>>> print(open('final-v1.txt').read())   # compact mmCIF, C-alpha atoms and all ligand atoms
# COMPACT_ATOMS: atom_id res chain seq x y z
CA GLU A 1 0.00 0.00 0.00
CA ARG A 2 1.24 3.47 -0.87
CA LEU A 3 1.30 6.11 1.83
CA VAL A 4 0.01 8.57 -0.77
CA GLY A 5 -2.62 6.21 -2.22
CA ALA A 6 -6.11 7.68 -2.22
CA SER A 7 -8.20 4.64 -1.35
CA ALA A 8 -8.77 3.64 2.25
CA ASP A 9 -6.47 1.04 3.81
CA ARG A 10 -7.30 -0.86 6.97
CA GLU A 11 -5.85 1.72 9.30
CA ASP A 12 -7.80 4.49 7.56
CA GLN A 13 -11.01 2.55 8.01
CA ALA A 14 -10.32 2.19 11.71
CA VAL A 15 -9.72 5.89 12.37
CA GLU A 16 -11.82 7.62 9.75
CA ALA A 17 -15.06 7.27 11.65
CA ALA A 18 -13.59 9.43 14.40
CA LEU A 19 -12.36 12.08 11.97
CA ARG A 20 -15.50 12.50 9.86
CA PRO A 21 -17.23 15.88 10.05
CA LYS A 22 -20.75 15.33 11.38
CA ASP A 23 -22.62 18.19 9.69
CA LEU A 24 -22.31 20.57 6.75
CA GLY A 25 -20.91 23.31 8.99
CA GLU A 26 -17.97 21.11 9.97
CA PHE A 27 -17.29 19.96 6.41
CA ILE A 28 -14.28 21.89 5.11
CA GLY A 29 -14.04 23.35 1.59
CA GLN A 30 -16.22 22.39 -1.42
CA GLU A 31 -18.09 25.68 -0.88
CA ARG A 32 -20.36 25.41 -3.90
CA VAL A 33 -21.35 21.80 -3.19
CA ARG A 34 -22.03 22.63 0.44
CA GLU A 35 -24.15 25.63 -0.41
CA GLN A 36 -26.20 23.76 -3.00
CA LEU A 37 -26.66 20.73 -0.79
CA ASP A 38 -27.67 22.93 2.12
CA LEU A 39 -30.48 24.41 -0.03
CA VAL A 40 -31.63 21.00 -1.29
CA LEU A 41 -31.80 19.59 2.24
CA ARG A 42 -33.40 22.65 3.83
CA ALA A 43 -36.10 22.74 1.17
CA ALA A 44 -36.86 19.04 1.60
CA ARG A 45 -37.03 19.48 5.38
CA ALA A 46 -39.35 22.45 5.04
CA ARG A 47 -41.68 20.40 2.84
CA GLY A 48 -41.46 17.47 5.20
CA ALA A 49 -40.32 15.44 2.21
CA THR A 50 -37.58 12.94 1.56
CA ALA A 51 -34.57 14.61 -0.11
CA ASP A 52 -33.98 14.15 -3.84
CA HIS A 53 -31.47 11.55 -5.00
CA VAL A 54 -27.91 12.92 -4.98
CA LEU A 55 -24.99 11.95 -7.21
CA LEU A 56 -21.50 12.72 -5.90
CA SER A 57 -18.63 12.48 -8.34
CA GLY A 58 -14.96 12.85 -7.52
CA ALA A 59 -11.71 11.06 -6.78
CA PRO A 60 -11.36 8.69 -3.80
CA GLY A 61 -10.74 10.31 -0.42
CA LEU A 62 -12.43 13.65 -1.17
CA GLY A 63 -15.34 13.12 1.23
CA LYS A 64 -18.15 11.38 -0.66
CA THR A 65 -18.92 8.86 2.09
CA THR A 66 -18.66 11.63 4.66
CA LEU A 67 -21.13 13.80 2.74
CA SER A 68 -23.61 10.94 2.45
CA MET A 69 -23.51 10.51 6.22
CA ILE A 70 -23.98 14.24 6.63
CA ILE A 71 -27.01 14.14 4.33
CA ALA A 72 -28.56 11.46 6.53
CA ALA A 73 -27.70 13.36 9.72
CA GLU A 74 -29.10 16.63 8.39
CA MET A 75 -32.32 14.85 7.41
CA GLY A 76 -32.48 13.02 10.75
CA ALA A 77 -32.58 9.78 8.76
CA PRO A 78 -30.79 6.45 9.12
CA ILE A 79 -28.21 5.45 6.50
CA ARG A 80 -27.35 2.17 4.78
CA ILE A 81 -23.97 1.88 3.09
CA THR A 82 -23.19 -0.46 0.22
CA SER A 83 -21.31 -0.43 -3.08
CA GLY A 84 -21.79 -1.32 -6.74
CA PRO A 85 -19.40 -4.27 -6.68
CA ALA A 86 -21.23 -5.72 -3.64
CA ILE A 87 -24.44 -5.90 -5.66
CA GLN A 88 -23.98 -8.84 -8.00
CA HIS A 89 -27.60 -9.70 -8.72
CA ALA A 90 -30.78 -7.67 -8.99
CA GLY A 91 -32.03 -9.78 -6.08
CA ASP A 92 -29.28 -8.36 -3.83
CA LEU A 93 -30.53 -4.89 -4.60
CA ALA A 94 -34.18 -5.85 -4.14
CA ALA A 95 -33.36 -7.21 -0.68
CA ILE A 96 -31.70 -3.94 0.33
CA LEU A 97 -34.39 -1.71 -1.16
CA SER A 98 -37.27 -3.61 0.37
CA SER A 99 -35.78 -3.35 3.84
CA LEU A 100 -35.29 0.45 3.76
CA GLN A 101 -37.23 2.61 6.18
CA GLU A 102 -39.12 5.66 5.03
CA GLY A 103 -36.70 8.53 4.40
CA GLU A 104 -33.62 6.34 4.78
CA VAL A 105 -30.44 7.29 2.90
CA LEU A 106 -28.95 4.54 0.78
CA PHE A 107 -25.29 5.25 -0.02
CA LEU A 108 -24.17 3.34 -3.10
CA ASP A 109 -20.43 3.76 -3.58
CA GLU A 110 -18.89 2.98 -6.99
CA ILE A 111 -22.36 3.00 -8.45
CA HIS A 112 -20.88 2.68 -11.97
CA ARG A 113 -19.76 -0.84 -11.10
CA MET A 114 -23.22 -2.28 -10.47
CA SER A 115 -24.44 -5.13 -12.65
CA ARG A 116 -26.73 -4.27 -15.55
CA PRO A 117 -29.88 -5.99 -14.21
CA ALA A 118 -29.42 -4.29 -10.83
CA GLU A 119 -28.99 -0.97 -12.58
CA GLU A 120 -32.27 -1.40 -14.41
CA MET A 121 -34.05 -2.28 -11.20
CA LEU A 122 -32.61 0.85 -9.66
CA TYR A 123 -34.11 3.08 -12.41
CA MET A 124 -37.63 2.10 -11.41
CA ALA A 125 -36.88 2.21 -7.70
CA MET A 126 -35.49 5.75 -7.96
CA GLU A 127 -38.33 7.05 -10.08
CA ASP A 128 -41.44 5.29 -8.83
CA PHE A 129 -40.29 3.78 -5.50
CA ARG A 130 -41.27 0.41 -6.81
CA VAL A 131 -39.46 -2.76 -7.90
CA ASP A 132 -40.59 -5.83 -9.74
CA VAL A 133 -39.42 -8.93 -7.93
CA ILE A 134 -39.15 -11.91 -10.27
CA VAL A 135 -40.37 -15.12 -8.70
CA GLY A 136 -39.70 -18.47 -10.34
CA LYS A 137 -37.74 -19.30 -13.48
CA GLY A 138 -38.39 -19.81 -17.16
CA PRO A 139 -41.87 -19.52 -18.68
CA GLY A 140 -43.51 -19.75 -15.25
CA ALA A 141 -41.66 -16.74 -13.86
CA THR A 142 -43.83 -13.88 -12.68
CA ALA A 143 -43.02 -10.30 -11.73
CA ILE A 144 -44.46 -9.26 -8.41
CA PRO A 145 -44.57 -5.48 -7.98
CA LEU A 146 -43.34 -4.30 -4.60
CA GLU A 147 -43.97 -0.80 -3.25
CA LEU A 148 -41.00 0.86 -1.55
CA PRO A 149 -41.02 3.62 1.04
CA PRO A 150 -39.58 6.90 -0.32
CA PHE A 151 -35.81 6.95 0.22
CA THR A 152 -32.84 9.07 -0.82
CA LEU A 153 -30.22 7.42 -2.98
CA VAL A 154 -26.76 8.92 -2.68
CA GLY A 155 -24.63 7.51 -5.48
CA ALA A 156 -20.87 7.99 -5.63
CA THR A 157 -18.64 7.59 -8.64
CA THR A 158 -15.17 8.69 -9.67
CA ARG A 159 -16.57 10.30 -12.82
CA ALA A 160 -20.22 11.12 -13.59
CA GLY A 161 -19.43 10.40 -17.25
CA LEU A 162 -19.04 6.71 -16.38
CA LEU A 163 -22.77 6.42 -15.69
CA PRO A 164 -25.29 5.58 -18.37
CA PRO A 165 -27.37 8.72 -19.08
CA PRO A 166 -30.69 7.15 -17.94
CA LEU A 167 -29.17 6.56 -14.50
CA ARG A 168 -27.50 9.97 -14.36
CA ASP A 169 -30.76 11.68 -15.27
CA ARG A 170 -32.59 10.17 -12.33
CA PHE A 171 -30.57 12.13 -9.79
CA GLY A 172 -32.20 15.39 -8.73
CA PHE A 173 -28.87 16.89 -7.76
CA THR A 174 -25.34 16.18 -8.98
CA ALA A 175 -22.31 17.50 -7.16
CA HIS A 176 -18.79 17.39 -8.50
CA MET A 177 -16.15 17.28 -5.79
CA GLU A 178 -12.84 18.99 -6.57
CA PHE A 179 -9.41 18.36 -5.15
CA TYR A 180 -8.81 20.57 -2.11
CA GLU A 181 -6.69 23.69 -1.98
CA PRO A 182 -3.64 23.60 0.34
CA ALA A 183 -5.29 26.13 2.69
CA GLU A 184 -8.34 23.87 3.00
CA LEU A 185 -6.17 20.84 3.69
CA GLU A 186 -4.39 22.81 6.38
CA ARG A 187 -7.75 23.24 8.07
CA VAL A 188 -8.41 19.49 7.70
CA VAL A 189 -5.03 18.75 9.33
CA HIS A 190 -5.63 21.19 12.19
CA ARG A 191 -9.07 19.76 12.82
CA SER A 192 -7.83 16.15 12.81
CA ALA A 193 -4.82 17.02 14.99
CA HIS A 194 -7.22 18.52 17.51
CA LEU A 195 -9.43 15.40 17.48
CA LEU A 196 -6.40 13.11 17.82
CA ASP A 197 -4.95 15.31 20.56
CA VAL A 198 -1.78 16.09 18.61
CA GLY A 199 0.02 19.40 19.18
CA ILE A 200 0.77 21.03 15.85
CA GLU A 201 2.18 24.35 14.69
CA ALA A 202 0.72 26.26 11.72
CA ASP A 203 3.88 25.59 9.68
CA GLY A 204 3.68 21.89 10.47
CA ALA A 205 0.10 21.69 9.21
CA ALA A 206 1.08 23.57 6.05
CA GLU A 207 3.95 21.16 5.43
CA ILE A 208 1.62 18.14 5.66
CA ALA A 209 -1.10 19.82 3.58
CA GLY A 210 1.36 20.58 0.77
CA ARG A 211 2.24 16.90 0.46
CA SER A 212 -1.32 15.56 0.58
CA ARG A 213 -2.19 15.65 -3.12
CA GLY A 214 -5.36 17.67 -2.63
CA THR A 215 -6.94 14.79 -0.71
CA PRO A 216 -8.20 14.88 2.91
CA ARG A 217 -7.76 11.12 3.35
CA ILE A 218 -4.07 11.42 2.49
CA ALA A 219 -3.70 14.48 4.75
CA ASN A 220 -5.11 12.51 7.68
CA ARG A 221 -2.85 9.55 6.95
CA LEU A 222 0.30 11.67 6.68
CA LEU A 223 -0.63 13.41 9.92
CA ARG A 224 -0.67 10.05 11.72
CA ARG A 225 2.78 9.11 10.41
CA VAL A 226 4.15 12.53 11.36
CA ARG A 227 2.61 12.20 14.81
CA ASP A 228 4.44 8.88 15.34
CA TYR A 229 7.71 10.50 14.35
CA ALA A 230 7.13 13.52 16.57
CA GLN A 231 6.48 11.22 19.54
CA VAL A 232 9.50 9.01 18.98
CA LYS A 233 12.08 11.55 17.83
CA ALA A 234 10.93 14.78 19.47
CA ASP A 235 8.59 16.15 22.10
CA GLY A 236 5.40 15.21 20.24
CA ILE A 237 4.76 18.67 18.80
CA VAL A 238 4.49 18.75 15.01
CA THR A 239 6.63 21.57 13.63
CA ARG A 240 7.56 22.17 9.99
CA GLU A 241 10.95 20.52 10.53
CA ILE A 242 9.43 17.46 12.17
CA ALA A 243 6.82 17.07 9.43
CA ALA A 244 9.42 17.40 6.68
CA ALA A 245 11.82 14.98 8.38
CA ALA A 246 9.09 12.42 9.05
CA LEU A 247 7.80 12.48 5.48
CA ALA A 248 11.36 12.26 4.14
CA VAL A 249 11.59 8.91 5.95
CA TYR A 250 8.52 7.79 3.99
CA GLU A 251 9.94 9.24 0.76
CA VAL A 252 7.02 11.61 0.24
CA ASP A 253 8.55 14.79 -1.17
CA ALA A 254 7.53 18.44 -0.79
CA ARG A 255 5.02 18.17 -3.60
CA GLY A 256 3.52 14.85 -2.51
CA LEU A 257 5.38 12.64 -4.99
CA ASP A 258 6.53 9.29 -3.67
CA ARG A 259 9.35 7.04 -4.78
CA LEU A 260 7.41 5.53 -7.70
CA ASP A 261 6.36 8.93 -9.03
CA ARG A 262 9.93 10.20 -8.87
CA ALA A 263 11.31 7.02 -10.47
CA VAL A 264 9.01 7.51 -13.45
CA LEU A 265 9.99 11.15 -13.81
CA ALA A 266 13.69 10.41 -13.35
CA ALA A 267 13.63 7.71 -16.04
CA LEU A 268 11.77 10.01 -18.41
CA LEU A 269 14.27 12.82 -17.88
CA LYS A 270 17.55 11.00 -17.51
CA LEU A 271 17.14 8.08 -19.90
CA PHE A 272 14.92 9.62 -22.55
CA GLY A 273 15.85 13.30 -22.41
CA GLY A 274 12.32 14.21 -21.32
CA GLY A 275 10.59 12.20 -24.07
CA PRO A 276 8.52 11.61 -26.03
CA VAL A 277 8.79 7.96 -25.07
CA GLY A 278 6.23 5.15 -25.25
CA LEU A 279 4.51 3.97 -22.08
CA SER A 280 5.85 0.39 -22.37
CA THR A 281 9.43 1.57 -22.82
CA LEU A 282 9.10 3.87 -19.83
CA ALA A 283 7.60 1.07 -17.71
CA VAL A 284 10.46 -1.31 -18.56
CA ALA A 285 12.97 1.39 -17.64
CA VAL A 286 11.35 1.81 -14.23
CA GLY A 287 10.99 -1.95 -13.72
CA GLU A 288 7.23 -1.71 -13.25
CA GLU A 289 4.16 -3.02 -15.01
CA ARG A 290 2.73 -0.81 -17.72
CA GLU A 291 -0.55 -0.57 -15.80
CA THR A 292 1.24 0.52 -12.62
CA VAL A 293 2.91 3.40 -14.40
CA GLU A 294 -0.24 4.38 -16.27
CA GLU A 295 -2.80 4.01 -13.49
CA VAL A 296 -0.85 4.53 -10.28
CA ALA A 297 1.87 7.07 -11.07
CA GLU A 298 0.77 9.03 -14.11
CA PRO A 299 -2.58 10.54 -13.08
CA PHE A 300 -1.03 12.62 -10.34
CA LEU A 301 2.01 13.58 -12.46
CA VAL A 302 -0.36 14.76 -15.20
CA ARG A 303 -2.53 16.62 -12.72
CA GLU A 304 0.55 18.33 -11.29
CA GLY A 305 1.65 19.43 -14.76
CA LEU A 306 4.86 17.40 -14.58
CA LEU A 307 4.11 14.94 -17.37
CA ALA A 308 2.00 15.08 -20.52
CA ARG A 309 0.50 12.20 -22.46
CA THR A 310 0.85 12.98 -26.16
CA PRO A 311 0.10 10.89 -29.27
CA ARG A 312 3.87 10.41 -29.69
CA GLY A 313 4.42 9.29 -26.12
CA ARG A 314 5.07 10.61 -22.63
CA VAL A 315 6.72 14.01 -22.39
CA ALA A 316 8.16 15.79 -19.36
CA THR A 317 7.26 19.43 -18.82
CA PRO A 318 9.77 22.13 -17.78
CA ALA A 319 8.31 21.85 -14.25
CA ALA A 320 9.46 18.21 -14.12
CA TRP A 321 13.07 19.18 -14.81
CA ALA A 322 12.84 21.86 -12.15
CA HIS A 323 11.26 19.52 -9.61
CA LEU A 324 14.08 16.97 -9.89
CA GLY A 325 16.68 19.75 -9.98
CA LEU A 326 17.88 18.84 -13.48
CA THR A 327 18.65 21.00 -16.51
CA PRO A 328 16.87 20.19 -19.78
CA PRO A 329 19.26 19.38 -22.65
CA GLY A 330 19.96 22.31 -24.97
CA SER A 331 19.07 24.95 -22.42
CA SER A 332 21.90 27.34 -21.65
CA ALA A 333 23.25 26.56 -18.21
CA ALA A 334 22.61 29.81 -16.40
P1 LIG B 401 -14.55 9.14 -0.16
O1 LIG B 401 -15.84 8.51 0.25
O2 LIG B 401 -14.72 10.22 -1.18
O3 LIG B 401 -13.48 8.16 -0.55
P2 LIG B 401 -14.40 9.83 2.68
O4 LIG B 401 -15.69 10.52 2.86
O5 LIG B 401 -14.28 8.44 3.17
O6 LIG B 401 -13.96 9.91 1.12
O7 LIG B 401 -13.28 10.77 3.37
C1 LIG B 401 -11.99 10.29 3.67
C2 LIG B 401 -11.47 10.93 4.93
O8 LIG B 401 -11.23 12.30 4.68
C3 LIG B 401 -12.42 10.85 6.11
O9 LIG B 401 -11.69 10.47 7.26
C4 LIG B 401 -12.92 12.25 6.32
O10 LIG B 401 -12.92 12.55 7.69
C5 LIG B 401 -11.90 13.12 5.64
N1 LIG B 401 -12.56 14.21 4.93
C6 LIG B 401 -13.06 14.16 3.68
N2 LIG B 401 -13.60 15.34 3.33
C7 LIG B 401 -13.44 16.17 4.37
C8 LIG B 401 -13.77 17.55 4.60
N3 LIG B 401 -14.37 18.28 3.66
N4 LIG B 401 -13.48 18.07 5.79
C9 LIG B 401 -12.85 17.33 6.73
N5 LIG B 401 -12.49 16.04 6.58
C10 LIG B 401 -12.78 15.45 5.41
>>> encode(input="final-v1.txt", output="structure tokens")
Amino acid sequence: ERLVGASADREDQAVEAALRPKDLGEFIGQERVREQLDLVLRAARARGATADHVLLSGAPGLGKTTLSMIIAAEMGAPIRITSGPAIQHAGDLAAILSSLQEGEVLFLDEIHRMSRPAEEMLYMAMEDFRVDVIVGKGPGATAIPLELPPFTLVGATTRAGLLPPPLRDRFGFTAHMEFYEPAELERVVHRSAHLLDVGIEADGAAEIAGRSRGTPRIANRLLRRVRDYAQVKADGIVTREIAAAALAVYEVDARGLDRLDRAVLAALLKLFGGGPVGLSTLAVAVGEERETVEEVAEPFLVREGLLARTPRGRVATPAAWAHLGLTPPGSSAA
């Protein structure tokens, strides 16, 4: 597992419950989403109605699960949490839907990974609060209509574009979650440090925030590693120096790149003069699988403007040379 990976590892799962903001007021950043959601929920409450279905799109670790729990809390409703891959058959979905209470929030993570029959059942459930349960097999099979209590579906996906339009259209409200600004992540770090009873200086929080790749989950994870270091090597207080030294041990650099990210960049710059070079050639040079380079390392390098994917191959940007402290060939050594 990578320290800067965005999906939750076992340790994250154990501590995240304690770090989750409980209401919209506590939720940091994502101003537009918060404002819109606040209106949607207030209006539903005023009408005494169940809130519209909500689609949350965005990268892992940006707060989609947290927001779904906040939606339930703000509506005073219970919540059920499941995911697309956990729903193999339409029957699995029918069992969940038919056991929902009125007004309950159903959080469906990775909704784009649901099976096709389940997806079709969901269309009807979202629109008419009804499902057809198929009983029996073959020519004797019959569809028994089942009324459902009104509920709020909160679907989460990495990209809204992955959803078939008929599913996307059935959400009353779609929110796109952006990566967080460093200043927002600093607030996340301060808040978590407070909850974990860790003493931290403003500079220390900034140092962690700058290495957290725009992602609160990563910020919280780096904070825990820095806390360990501060306890073992110093007096427990997280200063800028302590944060930098701790994260150097884990090979997470000032910009949040880890060893794999830097290996890819270094190969691109030093072996191929900054490219263009084909993905497979680059992967061999780094000693990694093609998929690892493409799916694990490249997205962040592209997002950071360090690497570009072009039709002729991978190309390093001037910022990549600067980040590794190297001089591009042909540039006059100043
Ligand atoms: P996702 O479901 O998008 O993968 P989560 O909701 O599980 O992300 O959030 C991951 C972690 O990041 C949680 O521990 C949560 O406390 C924290 N987090 C996410 N968004 C925020 C935020 N806006 N403010 C404070 N903490 C946040």
>>> residues_around(input="final-v1.txt", residues="A:Leu265", least_positions_apart="6", cutoff="9 Å", atoms="all atoms listed in the file", output="PDB file with C-alpha atoms, in the coordinates of the input")
ATOM      1  CA  GLY A 274      12.320  14.210 -21.320  1.00  0.00           C
ATOM      2  CA  LEU A 301       2.010  13.580 -12.460  1.00  0.00           C
ATOM      3  CA  LEU A 306       4.860  17.400 -14.580  1.00  0.00           C
ATOM      4  CA  LEU A 307       4.110  14.940 -17.370  1.00  0.00           C
ATOM      5  CA  ALA A 316       8.160  15.790 -19.360  1.00  0.00           C
ATOM      6  CA  ALA A 320       9.460  18.210 -14.120  1.00  0.00           C
ATOM      7  CA  TRP A 321      13.070  19.180 -14.810  1.00  0.00           C
ATOM      8  CA  LEU A 324      14.080  16.970  -9.890  1.00  0.00           C
TER       9      LEU A 324
END
>>> residues_around(input="final-v1.txt", residues="stretch 12-27 of chain A", least_positions_apart="2", cutoff="10 Å", atoms="all atoms listed in the file", output="ChimeraX atom specification")
/A:7-10,29-31,34-35,37-38,63,65-67,69-74,188,191-196,217-218,220-221,224
>>> closest_residue(input="final-v1.txt", among="A:Pro276, A:Pro182, A:Gly155, A:Gly204", to="A:Arg227", atoms="all atoms listed in the file")
A:Gly204
>>> atom_distance(input="final-v1.txt", atom1="atom CA of A:Phe171", atom2="atom CA of A:Val54")
5.6 Å
>>> closest_residue(input="final-v1.txt", among="A:Glu251, A:Asp92, A:Glu102, A:Asp258", to="A:Pro78", atoms="only C-alpha atoms")
A:Glu102
>>> atom_distance(input="final-v1.txt", atom1="atom CA of A:Leu148", atom2="atom CA of A:His53")
14.7 Å
>>> closest_residue(input="final-v1.txt", among="A:Asp109, A:Asp228, A:Glu120, A:Asp253", to="A:Leu167", atoms="all atoms listed in the file")
A:Glu120
>>> residues_near_point(input="final-v1.txt", point="(6.7, -0.7, -12.8)", cutoff="12 Å", atoms="all atoms listed in the file", output="list of chain:residue names")
A:Arg259, A:Leu260, A:Asp261, A:Ala263, A:Val264, A:Ala267, A:Leu279, A:Ser280, A:Thr281, A:Leu282, A:Ala283, A:Val284, A:Ala285, A:Val286, A:Gly287, A:Glu288, A:Glu289, A:Arg290, A:Glu291, A:Thr292, A:Val293, A:Glu294, A:Glu295, A:Val296, A:Ala297, A:Glu298
>>> residues_around(input="final-v1.txt", residues="A:Leu108", least_positions_apart="4", cutoff="9 Å", atoms="only C-alpha atoms", output="ChimeraX atom specification")
/A:80-84,153-157
>>> write_last_selection(input="final-v1.txt", atoms="C-alpha atoms", output="PDB file, keeping the file's coordinate frame")
ATOM      1  CA  ARG A  80     -27.350   2.170   4.780  1.00  0.00           C
ATOM      2  CA  ILE A  81     -23.970   1.880   3.090  1.00  0.00           C
ATOM      3  CA  THR A  82     -23.190  -0.460   0.220  1.00  0.00           C
ATOM      4  CA  SER A  83     -21.310  -0.430  -3.080  1.00  0.00           C
ATOM      5  CA  GLY A  84     -21.790  -1.320  -6.740  1.00  0.00           C
ATOM      6  CA  LEU A 153     -30.220   7.420  -2.980  1.00  0.00           C
ATOM      7  CA  VAL A 154     -26.760   8.920  -2.680  1.00  0.00           C
ATOM      8  CA  GLY A 155     -24.630   7.510  -5.480  1.00  0.00           C
ATOM      9  CA  ALA A 156     -20.870   7.990  -5.630  1.00  0.00           C
ATOM     10  CA  THR A 157     -18.640   7.590  -8.640  1.00  0.00           C
TER      11      THR A 157
END
>>> residues_near_point(input="final-v1.txt", point="(-18.6, 22.6, -8.1)", cutoff="8 Å", atoms="all atoms listed in the file", output="ChimeraX atom specification")
/A:30-33,175-178
>>> atom_distance(input="final-v1.txt", atom1="atom CA of A:Glu181", atom2="atom N3 of ligand LIG 401 (chain B)")
11.0 Å
>>> residues_around(input="final-v1.txt", residues="A:Lys270", least_positions_apart="6", cutoff="10 Å", atoms="all atoms listed in the file", output="list in words")
Trp321, Leu326, Pro328 and Pro329 of chain A
>>> closest_residue(input="final-v1.txt", among="A:Met75, A:Val315, A:Leu55, A:Ile200", to="A:Ala266", atoms="all atoms listed in the file")
A:Val315
>>> residues_around(input="final-v1.txt", residues="A:Ala118", least_positions_apart="4", cutoff="12 Å", atoms="only C-alpha atoms", output="ChimeraX atom specification")
/A:83-97,111-114,122-125,131-133,167
>>> closest_residue(input="final-v1.txt", among="A:Pro165, A:Gly48, A:Gly214, A:Gly273", to="ligand LIG 401 (chain B)", atoms="only C-alpha atoms and all ligand atoms")
A:Gly214
>>> axis_aligned_box(input="final-v1.txt", around="ligand LIG 401 (chain B)", padding_each_side="8 Å", output="JSON")
{"center_x": -13.5, "center_y": 13.2, "center_z": 3.3, "size_x": 20.6, "size_y": 26.1, "size_z": 24.9}
>>> closest_residue(input="final-v1.txt", among="A:Val189, A:Leu106, A:Ile134, A:Leu41", to="ligand LIG 401 (chain B)", atoms="only C-alpha atoms and all ligand atoms")
A:Val189
>>> build_atoms(input="final-v1.txt", residues="stretch 258-277 of chain A", atoms="N, CA and C atoms", output="PDB file, keeping the file's coordinate frame")
ATOM      1  N   ASP A 258       5.816  10.323  -4.412  1.00  0.00           N
ATOM      2  CA  ASP A 258       6.530   9.290  -3.670  1.00  0.00           C
ATOM      3  C   ASP A 258       7.611   8.679  -4.556  1.00  0.00           C
ATOM      4  N   ARG A 259       8.205   7.597  -4.077  1.00  0.00           N
ATOM      5  CA  ARG A 259       9.350   7.040  -4.780  1.00  0.00           C
ATOM      6  C   ARG A 259       8.998   6.602  -6.208  1.00  0.00           C
ATOM      7  N   LEU A 260       7.819   5.979  -6.366  1.00  0.00           N
ATOM      8  CA  LEU A 260       7.410   5.530  -7.700  1.00  0.00           C
ATOM      9  C   LEU A 260       7.249   6.715  -8.654  1.00  0.00           C
ATOM     10  N   ASP A 261       6.566   7.752  -8.179  1.00  0.00           N
ATOM     11  CA  ASP A 261       6.360   8.930  -9.030  1.00  0.00           C
ATOM     12  C   ASP A 261       7.702   9.505  -9.485  1.00  0.00           C
ATOM     13  N   ARG A 262       8.632   9.601  -8.534  1.00  0.00           N
ATOM     14  CA  ARG A 262       9.930  10.200  -8.870  1.00  0.00           C
ATOM     15  C   ARG A 262      10.730   9.281  -9.783  1.00  0.00           C
ATOM     16  N   ALA A 263      10.588   7.960  -9.609  1.00  0.00           N
ATOM     17  CA  ALA A 263      11.310   7.020 -10.470  1.00  0.00           C
ATOM     18  C   ALA A 263      10.833   7.174 -11.922  1.00  0.00           C
ATOM     19  N   VAL A 264       9.542   7.344 -12.097  1.00  0.00           N
ATOM     20  CA  VAL A 264       9.010   7.510 -13.450  1.00  0.00           C
ATOM     21  C   VAL A 264       9.549   8.800 -14.066  1.00  0.00           C
ATOM     22  N   LEU A 265       9.492   9.872 -13.297  1.00  0.00           N
ATOM     23  CA  LEU A 265       9.990  11.150 -13.810  1.00  0.00           C
ATOM     24  C   LEU A 265      11.492  11.075 -14.104  1.00  0.00           C
ATOM     25  N   ALA A 266      12.231  10.471 -13.184  1.00  0.00           N
ATOM     26  CA  ALA A 266      13.690  10.410 -13.350  1.00  0.00           C
ATOM     27  C   ALA A 266      14.047   9.616 -14.598  1.00  0.00           C
ATOM     28  N   ALA A 267      13.353   8.511 -14.841  1.00  0.00           N
ATOM     29  CA  ALA A 267      13.630   7.710 -16.040  1.00  0.00           C
ATOM     30  C   ALA A 267      13.318   8.534 -17.291  1.00  0.00           C
ATOM     31  N   LEU A 268      12.188   9.199 -17.264  1.00  0.00           N
ATOM     32  CA  LEU A 268      11.770  10.010 -18.410  1.00  0.00           C
ATOM     33  C   LEU A 268      12.813  11.090 -18.717  1.00  0.00           C
ATOM     34  N   LEU A 269      13.319  11.709 -17.680  1.00  0.00           N
ATOM     35  CA  LEU A 269      14.270  12.820 -17.880  1.00  0.00           C
ATOM     36  C   LEU A 269      15.667  12.319 -18.199  1.00  0.00           C
ATOM     37  N   LYS A 270      16.141  11.374 -17.398  1.00  0.00           N
ATOM     38  CA  LYS A 270      17.550  11.000 -17.510  1.00  0.00           C
ATOM     39  C   LYS A 270      17.817  10.014 -18.637  1.00  0.00           C
ATOM     40  N   LEU A 271      16.881   9.094 -18.873  1.00  0.00           N
ATOM     41  CA  LEU A 271      17.140   8.080 -19.900  1.00  0.00           C
ATOM     42  C   LEU A 271      16.610   8.491 -21.263  1.00  0.00           C
ATOM     43  N   PHE A 272      15.563   9.290 -21.270  1.00  0.00           N
ATOM     44  CA  PHE A 272      14.920   9.620 -22.550  1.00  0.00           C
ATOM     45  C   PHE A 272      14.895  11.116 -22.833  1.00  0.00           C
ATOM     46  N   GLY A 273      15.728  11.861 -22.125  1.00  0.00           N
ATOM     47  CA  GLY A 273      15.850  13.300 -22.410  1.00  0.00           C
ATOM     48  C   GLY A 273      14.548  14.064 -22.281  1.00  0.00           C
ATOM     49  N   GLY A 274      13.599  13.519 -21.508  1.00  0.00           N
ATOM     50  CA  GLY A 274      12.320  14.210 -21.320  1.00  0.00           C
ATOM     51  C   GLY A 274      11.256  13.739 -22.304  1.00  0.00           C
ATOM     52  N   GLY A 275      11.585  12.772 -23.153  1.00  0.00           N
ATOM     53  CA  GLY A 275      10.590  12.200 -24.070  1.00  0.00           C
ATOM     54  C   GLY A 275      10.537  12.956 -25.388  1.00  0.00           C
ATOM     55  N   PRO A 276       9.567  12.612 -26.257  1.00  0.00           N
ATOM     56  CA  PRO A 276       8.520  11.610 -26.030  1.00  0.00           C
ATOM     57  C   PRO A 276       9.045  10.173 -26.024  1.00  0.00           C
ATOM     58  N   VAL A 277       8.447   9.383 -25.143  1.00  0.00           N
ATOM     59  CA  VAL A 277       8.790   7.960 -25.070  1.00  0.00           C
ATOM     60  C   VAL A 277       7.498   7.183 -24.821  1.00  0.00           C
TER      61      VAL A 277
END
